[in-house]
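A short write-up of the structure that comes next.
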Amino acid sequence: MAFNPFESFRKNQRTLMAIAAIVCMIVFVFSFGQGDLFQTLQEWLANRTRPGMQVATLYGEPVYESKLDKIARQRDLANSFMIRTTAMGVNMAMTELEKQQKDIKEGTENPFGRVMQGWGMRRNPFFAQQMRLPPGWQAMSVQNDLSFLSAQSTAIKNPDQMRTLDTLAISLGFEAWETNTAMRGIEELYFGGGKNPEDLLDFMVWIKVADSLKIKLSEEEIRKIINHEAANQEVWPSGASIKQIPSAQGLAKNGYLNEDELVSILIDEFRVMLAKESILGESPGVRSYRDLREPMQRLGNAGTPSPTEFYNFFKDYRASLGVIMLPIQAEDFIAKVQEEPTQKEIEEFYNSFKNFEINPGSDRPGFRQPRIVKGEYATAKAESPVFRKKAEANALSPFVTRTLAFLQADSFGGSIGATLGTILPGFSQEPMYAEYRIFKDSRSSWFDPPFSSSDVLHEQSMQRPELVAGLIGQIAGTHQTLGSPFLNAAIFHGGAYAFETQARLKILSSSLLACASTNPFTAISLPFNFVPSVPEMETVITTLFDKYLDVLSPRMMRENLVLFTEELGKLKNKPEEANKLVSKGVSEYGLEIRSMKSAKPYFQVGSDPELTDLKKSFIESYRDAPQAPEFWQLFFQGNGTYETTRWSPDERMFQNDPSRWIFSKEPYLIWRSEDISPKDQTLQEAKPEIIKAWKLQKARKLARAEAEKIADEAKKKTWPTTYTDLVRESKGYFSSFTASKKDTDLKELSGVTRILPQNTTGPGQSKVYQPFRIPTDIIPYPRNNLLEQLLTLKKPGEAMVVRDRPENTFYVTLLLSRAEPGTSEFKKIYENASSRSKEPDTLWQIFLDQYSRDFRNETMKKLRSQASSKLDDNGRIPIAESYRNRNTREDSGS
């Protein structure tokens with residue numbers, strides 16, 4: 001008889017089913033998402049069997065990819081927990097303090113009233129719009145409040161007030177950290193640093209330093225520290241587990257949190273923080289923003305800088321230079337590359353970069369087709385004839401309604417004249433009456449500059465009888481004396497202005513004398529001799545109607561644009577219906593609609609001629625911003641077709657109140673009519689691009705060699721000493737190397753400096769600075785260290801070679817001018833260096849930050865040299881190139 005497995009199962013089915021049930025229960029009990037027993041076991045086995053590539057070497061031990069990935073995940077977990085916990089504690093603390101402020105009676109001492117008022121203003125979404133505050137005002141406001149707390153810290157002795165001061169410092173420090181990181185567009189962790197490979201290796205170094213300093217923390221000590229970080233709120237009660245904190249919930253998948261792992265990484269983070277405070281004498285991350293000590297006291301172990309060091313820093317940071325640049329394109333040298341890649345090299349090149357999208361701003365090749373979109377936008381102008389006609393129709397609608405009603409009610413044979421005579425008064429009194437009252441009450445127009453306004457209460461035209469009579473008399477007199485007839489025309493306007501000024505002085509002086517009179521009747525009646533009579537409404541109805549249309553046209557424009565926006569918003573991913581609506585945008589809605597010629601990737605969007613006006617407005621609106629988004633981002637928000645994005649040049653001012661978009665002078669509604677997702681290319685499809693990219697790497701060396709050759713020749717030349725001659729001769733010299741032989745192919749940068757002073761929001765505010773940004777319309781992809789390189793040029797006529805981020809263009813750069821500030825400016829800055837001066841200048845603080853940063857960098861180099869026998873050119877621990885290629889390569893070097 002043949003073997004039958006089911007017969008054995010039937011005999012032992014109870015036992016086997018019991019075993020299966022027990023196994024299922026074990027799996028169910030120990031499987032709760034991220035950090036569970038099975039994932040921990042899986043990670044342990046993976047780390048034991050497949051640790052990944054070796055990234056670096058620390059203290060003689062290899063550091064593998066899996067180790068860095070685990071540290072990155074754990075640091076991210078600790079960062080998310082602390083941000084949530086601190087935000088929760090700050091909200092609790094500030095809510096309680098706001099309640100206490102309401103109980104403080106007027107006239108009672110309130111040392112923190114100003115700070116609480118600033119906190120409330122920054123929470124008001126309409127405050128910036130109402131006060132017309134510039135971008136970044138929140139950062140300046142919170143910094144001013146921290147400076148105020150710093151001044152208060154020396155005067156407050158009361159223990160309760162000291163605790164309130166500490167709570168406010170924690171709250172404002174956290175707010176300042178959030179605001180500054182958002183403005184600067186950086187991803188700084190709560191404890192400082194980031195998650196890039198270099199920072200993760202530094203974190204491992206600091207853990208070793210903490211071990212050597214014997215810094216140990218228990219879970220109870222961590223609980224107290226976290227409660228203090230949460231603005232002195234008891235967010236983690238004694239005896240409770242960390243997962244019971246509301247901010248810890250939802251950090252892991254499936255609602256499960258490995259609290260042992262979280263506590264462990266928090267202990268390491270705070271140990272590293274204490275080690276940094278011990279070695280460097282300063283706090284990292286969020287803690288650095290709430291330090292209330294004077295800037296000189298925050299230097300910690302860096303020492304005290306001298307005034308001479310500050311003066312040298314001042315000259316370096318406020319120096320301004322101008323350069324001329326000759327671009328050398330690497331693509332122009334591809335034809336000179338004689339080598340051809342083998343089939344094996346093509347396949348290896350494709351496999352290395354097939355998963356990366358094409359990105360002209362990166363020095364890493366990519367063969368995956370990027371997302372491409374076809375963008376469109378609509379805008380509207382109130383002066384459009386369409387809105388003018390709609391405004392007229394809206395204004396005349398009461399007249400039409402009354403007319404129709406009259407004709408329907410009246411019998412045949414009614415007089416047209418009688419009809420209009422009945423209806424027109426009703427029309428004139430409805431929309432015009434309000435305008436007439438404004439016109440009638442506008443007595444301030446008496447004192448406007450002559451002839452500047454038509455909304456006045458007395459005749460101002462140059463055809464007034466008294467002026468015409470004077471002109472006739474002048475002409476007659478000139479004719480009798482044989483004078484020039486042109487003299488009359490020359491002096492007529494001056495006489496008219498003088499007559500108007502005389503009339504206004506009569507009104508003003510009579511009013512003042514009337515007020516000075518002791519007789520009340522005189523005070524009332526004296527100005528009447530000079531106050532002209534108000535014209536009747538019938539005489540100004542035409543002017544008032546035009547003015548009414550000027551007011552109504554923008555209203556009609558906004559109504560039409562809002563209606564169009566609402567209708568288009570209902571048609572997301574419905575291209576046929578949306579396209580029909582867009583086609584009506586011009587004729588029915590009165591909008592101006594622009595559409596790209598074809599779908600393009602993000603890096604080509606800005607070059608479309610149909611988007612020129614929008615791009616110009618976009619660049620202008622962010623010209624003075626410390627950080628500016630890319631123009632193409634307007635068209636890449638969200639996914640799918642006909643998803644609308646509202647934008648206006650006032651967006652930064654009204655960023656807390658999106659509804660203000662419609663009241664902007666230039667509101668733009670943006671959408672995509674086509675949206676094609678990224679897609680992979682086969683080896684055969686990408687082969688031409690692979691060969692080009694392979695040759696481009698060879699061509700870069702040729703282009704760089706050519707650029708350095710030209711720069712060496714420029715260094716040997718004797719350039720003129722005057723600026724004008726230097727500009728002319730340098731343009732002629734560099735133009736000889738361009739294909740067109742014209743200086744239009746050259747690039748010029750002027751006003752290049754490290755930092756630029758910004759306008760303050762009012763008197764008594766700190767003078768702040770922002771970093772200089774290389775204009776991307778001149779150099780599309782500037783490297784992060786380009787500014788540093790340019791500022792090394794000291795003497796006009798000096799030359800050097802710099803390159804862009806993708807290393808496709810090398811710029812032969814010649815210094816045209818360099819201007820350094822004088823001692824008088826330095827004296828004023830030095831006098832206002834203290835945060836407690838009337839108008840503090842933050843350049844001193846920037847200097848101290850840089851001074852401390854230099855000390856920190858030197859200290860880190862020493863610690864890294866102890867961990868690794870070799871450092872790279874930037875003083876960092878070397879990282880395997882294969883691991884770095886997982887992301888865009890480090891942007892450094894020339």
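Residues in the structure tokens are numbered from 1 in each chain, the chains being A, B, ... in the order shown, and ligands are numbered from 1 in the order shown.
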Residue list (alpha helix (DSSP H), DSSP) for region 783-893 of chain A, as a PyMOL selection string | chain A and resi 786-790+823-831+843-867+881-884
Rows by chain and residue number, region 764-850 of chain A within 9 Å of region 709-717 of chain A, shortest pair, only C-alpha atoms, as JSON lines:
{"residue": "A:Gly797", "atom": "CA", "partner": "A:Lys715", "partner_atom": "CA", "distance": 7.4}
{"residue": "A:Glu798", "atom": "CA", "partner": "A:Lys715", "partner_atom": "CA", "distance": 6.2}
{"residue": "A:Ala799", "atom": "CA", "partner": "A:Ala711", "partner_atom": "CA", "distance": 5.9}
{"residue": "A:Met800", "atom": "CA", "partner": "A:Ala711", "partner_atom": "CA", "distance": 6.0}
{"residue": "A:Val801", "atom": "CA", "partner": "A:Ala711", "partner_atom": "CA", "distance": 6.8}
{"residue": "A:Val812", "atom": "CA", "partner": "A:Ala711", "partner_atom": "CA", "distance": 5.9}
{"residue": "A:Thr813", "atom": "CA", "partner": "A:Ala711", "partner_atom": "CA", "distance": 7.6}
{"residue": "A:Leu814", "atom": "CA", "partner": "A:Ala714", "partner_atom": "CA", "distance": 8.1}
Fewer than 5 positions away in the same chain doesn't count, so skip those; otherwise give me all residues within 8 Å of Ile207 (chain A), counting only C-alpha atoms, as a list of chain:residue names.
-> A:Asp268, A:Arg271, A:Val272
Do you know which residues are at most 9 Å from Arg555 (chain A) counting only C-alpha atoms, after dropping those on the same chain fewer than 4 positions away, and could you put them as number ranges by chain?
-> A: 382, 387, 391, 551, 559-560
Quick one: write out the picked residues with C-alpha atoms as a short mmCIF file (atom, residue, chain, number, x, y, z; two decimals), in the first residue's frame?
data_model
loop_
_atom_site.label_atom_id
_atom_site.label_comp_id
_atom_site.auth_asym_id
_atom_site.auth_seq_id
_atom_site.Cartn_x
_atom_site.Cartn_y
_atom_site.Cartn_z
CA ALA A 382 -8.68 94.54 -12.36
CA PHE A 387 -14.09 93.20 -15.40
CA ALA A 391 -18.66 96.14 -13.03
CA VAL A 551 -13.78 100.18 -6.80
CA GLU A 559 -15.13 87.06 -7.46
CA ASN A 560 -14.39 85.62 -10.90
#
So which residues touch Gly173 (chain A) within 9 Å, counting only C-alpha atoms, skipping near sequence neighbours fewer than 6 positions away, as a ChimeraX atom specification?
-> /A:142-143,146,286-291
Output the selection as a short mmCIF file (atom, residue, chain, number, x, y, z; two decimals), in the first residue's frame - C-alpha atoms for each residue.
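So the final result, stored in again.cif, reads:
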data_model
loop_
_atom_site.label_atom_id
_atom_site.label_comp_id
_atom_site.auth_asym_id
_atom_site.auth_seq_id
_atom_site.Cartn_x
_atom_site.Cartn_y
_atom_site.Cartn_z
CA VAL A 142 11.85 85.77 19.46
CA GLN A 143 15.52 86.76 19.51
CA LEU A 146 15.43 86.15 24.52
CA VAL A 286 18.06 73.21 20.99
CA ARG A 287 19.88 74.02 24.22
CA SER A 288 22.17 76.45 22.44
CA TYR A 289 19.21 78.74 21.65
CA ARG A 290 18.08 79.21 25.25
CA ASP A 291 21.40 80.24 26.73
#
Go through A:Thr842, A:Asn832, A:Ser150, A:Thr86 and flag the residue nearest Val768 (chain A), using only C-alpha atoms for the distances.
-> A:Thr842
